[in-house]
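This is final30.json (JSON, C-alpha atoms).
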[["chain", "number", "residue", "atom", "x", "y", "z"],
["I", 976, "MET", "CA", 13.18, -0.30, -13.79],
["I", 977, "LYS", "CA", 9.77, -1.00, -12.32],
["I", 978, "THR", "CA", 8.37, 0.66, -9.21],
["I", 979, "HIS", "CA", 5.63, -0.72, -6.99],
["I", 980, "ARG", "CA", 3.50, 0.37, -4.04],
["I", 981, "ILE", "CA", 2.71, -2.90, -2.31],
["I", 982, "PRO", "CA", 0.09, -3.22, 0.44],
["I", 983, "THR", "CA", 1.11, -5.25, 3.50],
["I", 984, "ASP", "CA", -0.15, -5.72, 7.03],
["I", 985, "HIS", "CA", 2.56, -3.23, 8.06],
["I", 986, "GLY", "CA", 1.66, -0.45, 5.62],
["I", 987, "THR", "CA", 2.26, 0.23, 1.96],
["I", 988, "ILE", "CA", 5.82, -0.62, 0.93],
["I", 989, "ALA", "CA", 7.76, 1.16, -1.82],
["I", 990, "VAL", "CA", 9.70, -1.21, -4.07],
["I", 991, "ILE", "CA", 11.98, -0.85, -7.08],
["I", 992, "GLU", "CA", 12.62, -3.83, -9.34],
["I", 993, "SER", "CA", 15.27, -4.29, -12.02],
["I", 994, "GLU", "CA", 14.61, -5.75, -15.46],
["I", 995, "GLY", "CA", 16.96, -8.71, -15.09],
["I", 996, "ALA", "CA", 15.52, -12.11, -15.94],
["I", 997, "GLY", "CA", 17.80, -14.13, -13.66],
["I", 998, "ALA", "CA", 17.14, -15.46, -10.18],
["I", 999, "PRO", "CA", 15.32, -13.03, -7.85],
["I", 1000, "LEU", "CA", 17.26, -11.17, -5.15],
["I", 1001, "LEU", "CA", 15.54, -9.26, -2.36],
["I", 1002, "MET", "CA", 17.68, -6.39, -1.05],
["I", 1003, "ILE", "CA", 16.98, -5.07, 2.47],
["I", 1004, "HIS", "CA", 18.64, -1.87, 3.65],
["I", 1005, "GLY", "CA", 19.86, -0.85, 7.08],
["I", 1006, "ASN", "CA", 18.58, 1.26, 9.94],
["I", 1007, "SER", "CA", 17.54, 4.77, 8.81],
["I", 1008, "SER", "CA", 18.50, 4.14, 5.19],
["I", 1009, "CYS", "CA", 16.51, 3.39, 2.03],
["I", 1010, "LYS", "CA", 16.37, 1.12, -1.00],
["I", 1011, "GLU", "CA", 18.45, 3.50, -3.11],
["I", 1012, "VAL", "CA", 21.57, 2.52, -1.17],
["I", 1013, "PHE", "CA", 21.56, -0.58, -3.44],
["I", 1014, "ARG", "CA", 21.42, 1.58, -6.57],
["I", 1015, "ASN", "CA", 24.82, 0.46, -7.84],
["I", 1016, "GLN", "CA", 23.61, -3.15, -7.83],
["I", 1017, "TYR", "CA", 20.04, -2.93, -9.15],
["I", 1018, "ASP", "CA", 20.90, -0.20, -11.68],
["I", 1019, "GLY", "CA", 24.11, -1.90, -12.83],
["I", 1020, "ALA", "CA", 25.25, -5.22, -14.26],
["I", 1021, "ILE", "CA", 23.81, -7.22, -11.35],
["I", 1022, "GLY", "CA", 20.37, -5.74, -12.00],
["I", 1023, "ARG", "CA", 20.62, -6.44, -15.73],
["I", 1024, "ASP", "CA", 21.35, -10.12, -15.08],
["I", 1025, "TYR", "CA", 19.26, -10.78, -11.95],
["I", 1026, "ARG", "CA", 15.79, -9.77, -10.85],
["I", 1027, "CYS", "CA", 16.71, -7.36, -8.06],
["I", 1028, "ILE", "CA", 13.93, -6.21, -5.75],
["I", 1029, "ALA", "CA", 14.88, -3.42, -3.33],
["I", 1030, "MET", "CA", 12.32, -2.32, -0.73],
["I", 1031, "ASP", "CA", 11.98, 0.53, 1.72],
["I", 1032, "LEU", "CA", 11.27, -0.84, 5.18],
["I", 1033, "PRO", "CA", 8.19, 0.49, 6.99],
["I", 1034, "GLY", "CA", 8.99, 3.91, 8.42],
["I", 1035, "HIS", "CA", 11.81, 4.41, 5.90],
["I", 1036, "GLY", "CA", 12.19, 5.94, 2.46],
["I", 1037, "ALA", "CA", 8.97, 6.14, 0.46],
["I", 1038, "SER", "CA", 7.17, 3.45, 2.48],
["I", 1039, "ASP", "CA", 4.43, 4.25, 4.98],
["I", 1040, "ASP", "CA", 5.11, 4.77, 8.64],
["I", 1041, "ALA", "CA", 3.78, 1.94, 10.77],
["I", 1042, "ALA", "CA", 0.22, 2.32, 12.02],
["I", 1043, "ASP", "CA", 1.22, 0.13, 14.97],
["I", 1044, "PRO", "CA", 4.93, 0.77, 15.75],
["I", 1045, "GLU", "CA", 5.05, -1.90, 18.47],
["I", 1046, "ARG", "CA", 3.93, -4.55, 15.98],
["I", 1047, "THR", "CA", 6.02, -3.44, 13.02],
["I", 1048, "TYR", "CA", 9.29, -1.86, 14.16],
["I", 1049, "TRP", "CA", 11.27, -4.92, 15.18],
["I", 1050, "MET", "CA", 12.75, -7.96, 13.44],
["I", 1051, "PRO", "CA", 9.57, -10.10, 13.19],
["I", 1052, "GLY", "CA", 7.49, -7.17, 11.93],
["I", 1053, "TYR", "CA", 10.03, -6.20, 9.29],
["I", 1054, "ALA", "CA", 10.43, -9.85, 8.25],
["I", 1055, "GLU", "CA", 6.67, -10.20, 7.83],
["I", 1056, "ALA", "CA", 6.56, -7.07, 5.66],
["I", 1057, "ALA", "CA", 9.40, -8.36, 3.46],
["I", 1058, "MET", "CA", 7.80, -11.78, 3.04],
["I", 1059, "GLN", "CA", 4.46, -10.18, 2.14],
["I", 1060, "VAL", "CA", 6.18, -8.06, -0.51],
["I", 1061, "MET", "CA", 7.58, -11.17, -2.18],
["I", 1062, "GLU", "CA", 4.25, -12.99, -1.89],
["I", 1063, "HIS", "CA", 2.53, -10.03, -3.56],
["I", 1064, "LEU", "CA", 5.07, -10.20, -6.41],
["I", 1065, "ASP", "CA", 4.35, -13.95, -6.67],
["I", 1066, "ILE", "CA", 7.98, -14.91, -6.07],
["I", 1067, "PRO", "CA", 7.97, -18.19, -4.11],
["I", 1068, "ALA", "CA", 11.77, -18.57, -3.76],
["I", 1069, "TYR", "CA", 14.50, -15.94, -3.66],
["I", 1070, "ALA", "CA", 17.91, -14.97, -2.35],
["I", 1071, "VAL", "CA", 18.30, -12.14, 0.17],
["I", 1072, "LEU", "CA", 21.03, -9.52, 0.52],
["I", 1073, "GLY", "CA", 20.65, -7.83, 3.88],
["I", 1074, "TRP", "CA", 22.75, -4.91, 5.06],
["I", 1075, "SER", "CA", 23.12, -4.14, 8.77],
["I", 1076, "LEU", "CA", 19.53, -4.16, 10.11],
["I", 1077, "GLY", "CA", 18.57, -5.75, 6.78],
["I", 1078, "GLY", "CA", 20.86, -8.68, 7.54],
["I", 1079, "HIS", "CA", 19.21, -9.17, 10.92],
["I", 1080, "ILE", "CA", 15.86, -9.18, 9.12],
["I", 1081, "GLY", "CA", 17.23, -11.79, 6.72],
["I", 1082, "LEU", "CA", 18.25, -13.99, 9.66],
["I", 1083, "GLU", "CA", 14.77, -13.54, 11.10],
["I", 1084, "MET", "CA", 13.31, -14.59, 7.75],
["I", 1085, "ILE", "CA", 15.25, -17.85, 7.46],
["I", 1086, "GLY", "CA", 13.87, -18.80, 10.85],
["I", 1087, "ARG", "CA", 10.32, -18.21, 9.60],
["I", 1088, "THR", "CA", 10.12, -19.23, 5.93],
["I", 1089, "ASP", "CA", 11.59, -21.71, 3.47],
["I", 1090, "ALA", "CA", 11.21, -19.19, 0.64],
["I", 1091, "VAL", "CA", 14.72, -17.80, 1.21],
["I", 1092, "THR", "CA", 17.13, -20.00, -0.77],
["I", 1093, "ARG", "CA", 20.37, -18.25, 0.19],
["I", 1094, "LEU", "CA", 21.31, -15.29, 2.37],
["I", 1095, "MET", "CA", 24.15, -12.77, 2.21],
["I", 1096, "ILE", "CA", 24.60, -10.44, 5.19],
["I", 1097, "SER", "CA", 26.90, -7.43, 5.45],
["I", 1098, "GLY", "CA", 27.53, -5.36, 8.58],
["I", 1099, "THR", "CA", 25.35, -7.77, 10.56],
["I", 1100, "PRO", "CA", 26.77, -9.52, 13.66],
["I", 1101, "PRO", "CA", 24.56, -12.53, 14.56],
["I", 1102, "PHE", "CA", 23.93, -12.13, 18.29],
["I", 1103, "GLU", "CA", 22.32, -14.31, 20.91],
["I", 1104, "MET", "CA", 19.22, -12.91, 22.57],
["I", 1105, "THR", "CA", 21.05, -11.47, 25.55],
["I", 1106, "LYS", "CA", 22.38, -7.99, 26.30],
["I", 1107, "ASP", "CA", 25.86, -9.41, 26.87],
["I", 1108, "SER", "CA", 25.92, -10.98, 23.42],
["I", 1109, "VAL", "CA", 24.67, -7.77, 21.79],
["I", 1110, "ASP", "CA", 27.39, -5.82, 23.60],
["I", 1111, "ARG", "CA", 30.04, -8.23, 22.30],
["I", 1112, "ALA", "CA", 28.68, -8.25, 18.75],
["I", 1113, "PHE", "CA", 28.69, -4.48, 18.30],
["I", 1114, "ARG", "CA", 31.43, -1.93, 18.89],
["I", 1115, "ASP", "CA", 30.96, 0.96, 21.27],
["I", 1116, "THR", "CA", 31.77, 3.70, 18.78],
["I", 1117, "PRO", "CA", 30.93, 7.42, 19.01],
["I", 1118, "HIS", "CA", 27.74, 7.21, 16.94],
["I", 1119, "MET", "CA", 26.49, 3.77, 17.96],
["I", 1120, "HIS", "CA", 23.99, 5.28, 20.42],
["I", 1121, "LEU", "CA", 22.17, 6.95, 17.52],
["I", 1122, "ALA", "CA", 20.97, 3.55, 16.28],
["I", 1123, "GLY", "CA", 18.23, 3.57, 18.92],
["I", 1124, "GLN", "CA", 17.69, 7.30, 19.37],
["I", 1125, "ARG", "CA", 14.23, 8.53, 18.43],
["I", 1126, "ASP", "CA", 14.83, 12.20, 17.65],
["I", 1127, "PHE", "CA", 17.76, 13.44, 15.57],
["I", 1128, "SER", "CA", 19.29, 16.89, 15.35],
["I", 1129, "ALA", "CA", 20.72, 18.06, 12.03],
["I", 1130, "GLN", "CA", 24.16, 17.06, 13.32],
["I", 1131, "ASP", "CA", 22.88, 13.61, 14.31],
["I", 1132, "VAL", "CA", 21.59, 13.12, 10.76],
["I", 1133, "THR", "CA", 24.98, 14.01, 9.31],
["I", 1134, "ASP", "CA", 26.92, 11.90, 11.81],
["I", 1135, "TYR", "CA", 24.75, 8.82, 11.34],
["I", 1136, "ALA", "CA", 24.69, 9.02, 7.55],
["I", 1137, "ARG", "CA", 28.47, 9.39, 7.37],
["I", 1138, "SER", "CA", 29.27, 6.65, 9.87],
["I", 1139, "THR", "CA", 26.83, 4.06, 8.52],
["I", 1140, "CYS", "CA", 27.98, 4.43, 4.93],
["I", 1141, "GLY", "CA", 31.65, 4.64, 5.86],
["I", 1142, "GLU", "CA", 33.86, 7.70, 6.18],
["I", 1143, "ASN", "CA", 35.42, 7.09, 2.76],
["I", 1144, "ALA", "CA", 32.20, 6.16, 0.98],
["I", 1145, "PRO", "CA", 30.38, 8.57, -1.38],
["I", 1146, "GLN", "CA", 28.21, 10.94, 0.67],
["I", 1147, "GLU", "CA", 25.28, 11.62, -1.62],
["I", 1148, "ALA", "CA", 22.38, 13.78, -0.48],
["I", 1149, "PHE", "CA", 19.83, 10.97, -0.56],
["I", 1150, "LEU", "CA", 21.69, 9.10, 2.18],
["I", 1151, "HIS", "CA", 21.29, 12.04, 4.55],
["I", 1152, "GLU", "CA", 17.71, 12.62, 3.43],
["I", 1153, "ALA", "CA", 16.90, 8.99, 4.23],
["I", 1154, "VAL", "CA", 18.19, 9.36, 7.79],
["I", 1155, "ALA", "CA", 16.20, 12.57, 8.29],
["I", 1156, "ARG", "CA", 13.03, 11.01, 6.86],
["I", 1157, "THR", "CA", 13.08, 7.84, 8.99],
["I", 1158, "ASP", "CA", 10.35, 7.51, 11.59],
["I", 1159, "GLY", "CA", 12.34, 7.89, 14.81],
["I", 1160, "ARG", "CA", 10.04, 5.38, 16.51],
["I", 1161, "ALA", "CA", 11.52, 2.74, 14.20],
["I", 1162, "ARG", "CA", 14.97, 3.19, 15.74],
["I", 1163, "GLU", "CA", 13.64, 3.41, 19.27],
["I", 1164, "ARG", "CA", 11.33, 0.39, 19.13],
["I", 1165, "MET", "CA", 13.81, -1.83, 17.26],
["I", 1166, "ILE", "CA", 16.53, -1.33, 19.86],
["I", 1167, "ASP", "CA", 14.07, -1.64, 22.75],
["I", 1168, "ARG", "CA", 13.04, -5.10, 21.49],
["I", 1169, "ILE", "CA", 16.34, -6.30, 20.05],
["I", 1170, "THR", "CA", 16.59, -9.24, 22.48],
["I", 1171, "ASP", "CA", 12.86, -9.99, 22.69],
["I", 1172, "ALA", "CA", 12.41, -13.74, 23.16],
["I", 1173, "ALA", "CA", 9.66, -13.80, 20.50],
["I", 1174, "ALA", "CA", 12.24, -13.01, 17.81],
["I", 1175, "VAL", "CA", 14.58, -15.53, 16.18],
["I", 1176, "ASP", "CA", 17.90, -16.12, 17.96],
["I", 1177, "GLN", "CA", 20.22, -14.49, 15.43],
["I", 1178, "ARG", "CA", 23.37, -16.40, 16.33],
["I", 1179, "ARG", "CA", 21.63, -19.76, 16.18],
["I", 1180, "ALA", "CA", 19.94, -18.87, 12.88],
["I", 1181, "ALA", "CA", 23.32, -18.03, 11.35],
["I", 1182, "ALA", "CA", 25.21, -20.96, 12.86],
["I", 1183, "LYS", "CA", 22.59, -23.56, 11.95],
["I", 1184, "ALA", "CA", 21.39, -22.18, 8.62],
["I", 1185, "ASN", "CA", 20.41, -24.95, 6.22],
["I", 1186, "ILE", "CA", 20.94, -22.67, 3.22],
["I", 1187, "PRO", "CA", 24.17, -21.04, 2.02],
["I", 1188, "LEU", "CA", 25.02, -18.10, 4.28],
["I", 1189, "ALA", "CA", 27.50, -15.54, 2.95],
["I", 1190, "ILE", "CA", 29.07, -12.94, 5.24],
["I", 1191, "VAL", "CA", 30.83, -10.00, 3.59],
["I", 1192, "ASN", "CA", 32.02, -7.22, 5.91],
["I", 1193, "GLY", "CA", 34.23, -4.17, 5.74],
["I", 1194, "GLU", "CA", 37.35, -4.63, 7.85],
["I", 1195, "GLU", "CA", 37.03, -1.02, 9.05],
["I", 1196, "ASP", "CA", 33.32, -1.30, 9.92],
["I", 1197, "ALA", "CA", 32.76, 1.13, 12.80],
["I", 1198, "PHE", "CA", 29.73, -0.69, 14.20],
["I", 1199, "ILE", "CA", 30.48, -4.41, 14.32],
["I", 1200, "ASP", "CA", 33.07, -6.66, 15.93],
["I", 1201, "ASN", "CA", 34.52, -8.63, 13.03],
["I", 1202, "ASP", "CA", 36.39, -10.99, 15.35],
["I", 1203, "TYR", "CA", 33.15, -11.89, 17.13],
["I", 1204, "ILE", "CA", 31.55, -12.76, 13.79],
["I", 1205, "ALA", "CA", 34.51, -14.81, 12.57],
["I", 1206, "ALA", "CA", 34.61, -16.83, 15.82],
["I", 1207, "ILE", "CA", 31.13, -18.31, 15.33],
["I", 1208, "SER", "CA", 31.03, -21.90, 14.07],
["I", 1209, "TYR", "CA", 28.78, -21.99, 11.00],
["I", 1210, "ASP", "CA", 27.24, -25.13, 9.51],
["I", 1211, "ASN", "CA", 26.77, -23.68, 6.02],
["I", 1212, "LEU", "CA", 29.14, -20.74, 5.58],
["I", 1213, "TRP", "CA", 29.50, -19.90, 1.90],
["I", 1214, "GLU", "CA", 33.06, -20.43, 0.61],
["I", 1215, "GLY", "CA", 34.02, -21.55, 4.12],
["I", 1216, "GLN", "CA", 35.03, -18.07, 5.27],
["I", 1217, "VAL", "CA", 33.81, -14.71, 6.51],
["I", 1218, "HIS", "CA", 34.86, -12.26, 3.80],
["I", 1219, "ARG", "CA", 36.56, -9.17, 5.28],
["I", 1220, "MET", "CA", 37.23, -6.34, 2.83],
["I", 1221, "VAL", "CA", 40.41, -4.52, 3.83],
["I", 1222, "GLY", "CA", 40.11, -0.77, 4.38],
["I", 1223, "ILE", "CA", 36.34, -0.74, 3.82],
["I", 1224, "GLY", "CA", 33.61, 0.48, 6.18],
["I", 1225, "HIS", "CA", 30.06, -0.51, 7.07],
["I", 1226, "ALA", "CA", 28.55, -0.57, 3.55],
["I", 1227, "PRO", "CA", 30.99, -2.26, 1.15],
["I", 1228, "PHE", "CA", 28.38, -2.67, -1.62],
["I", 1229, "TRP", "CA", 28.03, 1.14, -1.66],
["I", 1230, "GLU", "CA", 31.64, 2.12, -0.96],
["I", 1231, "VAL", "CA", 33.33, -0.28, -3.41],
["I", 1232, "PRO", "CA", 30.72, -1.88, -5.70],
["I", 1233, "GLU", "CA", 33.47, -2.78, -8.15],
["I", 1234, "LEU", "CA", 34.92, -5.11, -5.50],
["I", 1235, "PHE", "CA", 31.68, -6.20, -3.85],
["I", 1236, "ASP", "CA", 29.64, -7.05, -6.95],
["I", 1237, "PRO", "CA", 31.91, -9.88, -8.19],
["I", 1238, "ILE", "CA", 31.46, -11.53, -4.78],
["I", 1239, "LEU", "CA", 27.69, -11.08, -4.97],
["I", 1240, "ARG", "CA", 27.60, -12.44, -8.51],
["I", 1241, "ARG", "CA", 29.61, -15.47, -7.45],
["I", 1242, "PHE", "CA", 27.20, -16.02, -4.56],
["I", 1243, "LEU", "CA", 24.14, -15.81, -6.79],
["I", 1244, "GLY", "CA", 25.76, -18.29, -9.12]]

So that I can check it, write out the structure of this file as structure tokens.
Amino acid sequence: MKTHRIPTDHGTIAVIESEGAGAPLLMIHGNSSCKEVFRNQYDGAIGRDYRCIAMDLPGHGASDDAADPERTYWMPGYAEAAMQVMEHLDIPAYAVLGWSLGGHIGLEMIGRTDAVTRLMISGTPPFEMTKDSVDRAFRDTPHMHLAGQRDFSAQDVTDYARSTCGENAPQEAFLHEAVARTDGRARERMIDRITDAAAVDQRRAAAKANIPLAIVNGEEDAFIDNDYIAAISYDNLWEGQVHRMVGIGHAPFWEVPELFDPILRRFLG
């Protein structure tokens, strides 16, 4: 594995890269998580066959906190940071796997660059830029409010780590440490600007994507409305269906990599 500290306009970004010689895959984690959540992929057979690049978003993991939270901690800022990482690595074309917030960043990216050749999202409901659409896309579950809460108690850290990874998923210490480490302004600013008109309309980006768009969700995801996602009419939906993994929560690639990775491999082709 290779590690990098990559300078961007949004701070220095921590990156881990697998040794695979195949097509490049950028992996973008969710809210209050870190790149290590993709460990099973980049450190396993996928990483041996493909060039996996997993990054810590600004304000997360081993990356810098944003010098200007208003500029960085929302979809366009995160998308810019991700694109600059790939430019620094001199990778002109790549696939993206985005989980939860990472999927929203991926949708932002395909509205801003032609460098993304295919996109897989997981735990990411593509919403229109209205509060009503956001309310329909996400479920009002006990820990949903934490997604935009700046300051966390020790119990909040535990609750958010457990719910985002899935109640039946492995609960390793680094997942909780990632939640505790996250710059709380990142949660607060991202939610405050989630329907900002300057960002890409997520539902339109997904529906009208001119690249293959794969959607792989856990059927028991506590945060998203799977029926809302399935009801969207997509122009370029990979395999013609939204994949719903029975009995699985918000992070299927972490909870059941043995089931998720064959789908990812098929998608990467």

Using all atoms listed in the file, the residue out of I:Leu1076, I:Ala1189, I:Ala1144, I:Val1071 with shortest distance to Ile1204 of chain I is I:Ala1189

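All residues of protein, DNA or RNA that reach within 9 Å of Ile1080 of chain I, judged by only C-alpha atoms and not counting those fewer than 6 positions away in the chain, are Ile1003, Trp1049, Met1050, Pro1051, Tyr1053, Ala1054, Ala1057 and Gly1073 of chain I.
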
Which residues come within 8 Å of Gly1193 of chain I, counting only C-alpha atoms, excluding same-chain residues fewer than 4 positions away, as a PDB file with C-alpha atoms, keeping the file's coordinate frame?
ATOM      1  CA  GLY I1098      27.530  -5.360   8.580  1.00  0.00           C
ATOM      2  CA  ARG I1219      36.560  -9.170   5.280  1.00  0.00           C
ATOM      3  CA  MET I1220      37.230  -6.340   2.830  1.00  0.00           C
ATOM      4  CA  VAL I1221      40.410  -4.520   3.830  1.00  0.00           C
ATOM      5  CA  GLY I1222      40.110  -0.770   4.380  1.00  0.00           C
ATOM      6  CA  ILE I1223      36.340  -0.740   3.820  1.00  0.00           C
ATOM      7  CA  GLY I1224      33.610   0.480   6.180  1.00  0.00           C
ATOM      8  CA  HIS I1225      30.060  -0.510   7.070  1.00  0.00           C
ATOM      9  CA  ALA I1226      28.550  -0.570   3.550  1.00  0.00           C
ATOM     10  CA  PRO I1227      30.990  -2.260   1.150  1.00  0.00           C
TER      11      PRO I1227
END

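The space separating atom CA of Ala1182 of chain I from atom CA of Thr1105 of chain I comes to 16.4 Å.
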
Closest pair table for segment 1010-1098 of chain I residues within 10 Å of segment 985-1000 of chain I, all atoms listed in the file, as a tab-separated table:
residue	atom	partner	partner_atom	distance
I:Lys1010	CA	I:Val990	CA	7.7
I:Glu1011	CA	I:Ile991	CA	8.7
I:Arg1014	CA	I:Ile991	CA	9.8
I:Gln1016	CA	I:Ser993	CA	9.4
I:Tyr1017	CA	I:Ser993	CA	5.7
I:Asp1018	CA	I:Ser993	CA	7.0
I:Gly1019	CA	I:Ser993	CA	9.2
I:Ala1020	CA	I:Gly995	CA	9.0
I:Ile1021	CA	I:Gly995	CA	7.9
I:Gly1022	CA	I:Ser993	CA	5.3
I:Arg1023	CA	I:Gly995	CA	4.4
I:Asp1024	CA	I:Gly995	CA	4.6
I:Tyr1025	CA	I:Gly997	CA	4.0
I:Arg1026	CA	I:Pro999	CA	4.5
I:Cys1027	CA	I:Leu1000	CA	4.8
I:Ile1028	CA	I:Glu992	CA	4.5
I:Ala1029	CA	I:Ile991	CA	5.4
I:Met1030	CA	I:Val990	CA	4.4
I:Asp1031	CA	I:Ala989	CA	5.5
I:Leu1032	CA	I:Ile988	CA	6.9
I:Pro1033	CA	I:Ile988	CA	6.6
I:Gly1034	CA	I:Gly986	CA	9.0
I:His1035	CA	I:Ile988	CA	9.3
I:Gly1036	CA	I:Ala989	CA	7.8
I:Ala1037	CA	I:Ala989	CA	5.6
I:Ser1038	CA	I:Ile988	CA	4.6
I:Asp1039	CA	I:Thr987	CA	5.5
I:Asp1040	CA	I:Gly986	CA	6.9
I:Ala1041	CA	I:His985	CA	6.0
I:Ala1042	CA	I:Gly986	CA	7.1
I:Asp1043	CA	I:His985	CA	7.8
I:Pro1044	CA	I:His985	CA	9.0
I:Arg1046	CA	I:His985	CA	8.1
I:Thr1047	CA	I:His985	CA	6.1
I:Tyr1048	CA	I:His985	CA	9.2
I:Gly1052	CA	I:His985	CA	7.4
I:Tyr1053	CA	I:His985	CA	8.1
I:Glu1055	CA	I:His985	CA	8.1
I:Ala1056	CA	I:His985	CA	6.0
I:Ala1057	CA	I:Ile988	CA	8.9
I:Gln1059	CA	I:His985	CA	9.3
I:Val1060	CA	I:Ile988	CA	7.6
I:Met1061	CA	I:Pro999	CA	9.8
I:Ile1066	CA	I:Pro999	CA	7.8
I:Pro1067	CA	I:Pro999	CA	9.7
I:Ala1068	CA	I:Pro999	CA	7.7
I:Tyr1069	CA	I:Pro999	CA	5.2
I:Ala1070	CA	I:Leu1000	CA	4.8
I:Val1071	CA	I:Leu1000	CA	5.5
I:Leu1072	CA	I:Leu1000	CA	7.0
I:Val1091	CA	I:Leu1000	CA	9.5
I:Thr1092	CA	I:Leu1000	CA	9.9
I:Arg1093	CA	I:Leu1000	CA	9.4
I:Leu1094	CA	I:Leu1000	CA	9.5

Let's have the selection written as a CSV table (one decimal), keeping the file's coordinate frame, with C-alpha atoms.
chain,number,residue,atom,x,y,z
I,1010,LYS,CA,16.4,1.1,-1.0
I,1011,GLU,CA,18.4,3.5,-3.1
I,1014,ARG,CA,21.4,1.6,-6.6
I,1016,GLN,CA,23.6,-3.2,-7.8
I,1017,TYR,CA,20.0,-2.9,-9.2
I,1018,ASP,CA,20.9,-0.2,-11.7
I,1019,GLY,CA,24.1,-1.9,-12.8
I,1020,ALA,CA,25.2,-5.2,-14.3
I,1021,ILE,CA,23.8,-7.2,-11.4
I,1022,GLY,CA,20.4,-5.7,-12.0
I,1023,ARG,CA,20.6,-6.4,-15.7
I,1024,ASP,CA,21.4,-10.1,-15.1
I,1025,TYR,CA,19.3,-10.8,-12.0
I,1026,ARG,CA,15.8,-9.8,-10.8
I,1027,CYS,CA,16.7,-7.4,-8.1
I,1028,ILE,CA,13.9,-6.2,-5.8
I,1029,ALA,CA,14.9,-3.4,-3.3
I,1030,MET,CA,12.3,-2.3,-0.7
I,1031,ASP,CA,12.0,0.5,1.7
I,1032,LEU,CA,11.3,-0.8,5.2
I,1033,PRO,CA,8.2,0.5,7.0
I,1034,GLY,CA,9.0,3.9,8.4
I,1035,HIS,CA,11.8,4.4,5.9
I,1036,GLY,CA,12.2,5.9,2.5
I,1037,ALA,CA,9.0,6.1,0.5
I,1038,SER,CA,7.2,3.4,2.5
I,1039,ASP,CA,4.4,4.2,5.0
I,1040,ASP,CA,5.1,4.8,8.6
I,1041,ALA,CA,3.8,1.9,10.8
I,1042,ALA,CA,0.2,2.3,12.0
I,1043,ASP,CA,1.2,0.1,15.0
I,1044,PRO,CA,4.9,0.8,15.8
I,1046,ARG,CA,3.9,-4.6,16.0
I,1047,THR,CA,6.0,-3.4,13.0
I,1048,TYR,CA,9.3,-1.9,14.2
I,1052,GLY,CA,7.5,-7.2,11.9
I,1053,TYR,CA,10.0,-6.2,9.3
I,1055,GLU,CA,6.7,-10.2,7.8
I,1056,ALA,CA,6.6,-7.1,5.7
I,1057,ALA,CA,9.4,-8.4,3.5
I,1059,GLN,CA,4.5,-10.2,2.1
I,1060,VAL,CA,6.2,-8.1,-0.5
I,1061,MET,CA,7.6,-11.2,-2.2
I,1066,ILE,CA,8.0,-14.9,-6.1
I,1067,PRO,CA,8.0,-18.2,-4.1
I,1068,ALA,CA,11.8,-18.6,-3.8
I,1069,TYR,CA,14.5,-15.9,-3.7
I,1070,ALA,CA,17.9,-15.0,-2.4
I,1071,VAL,CA,18.3,-12.1,0.2
I,1072,LEU,CA,21.0,-9.5,0.5
I,1091,VAL,CA,14.7,-17.8,1.2
I,1092,THR,CA,17.1,-20.0,-0.8
I,1093,ARG,CA,20.4,-18.2,0.2
I,1094,LEU,CA,21.3,-15.3,2.4

Can you tell me how far atom CA of Pro982 of chain I sits from atom CA of Met1058 of chain I, in Å to one decimal? 11.8 Å
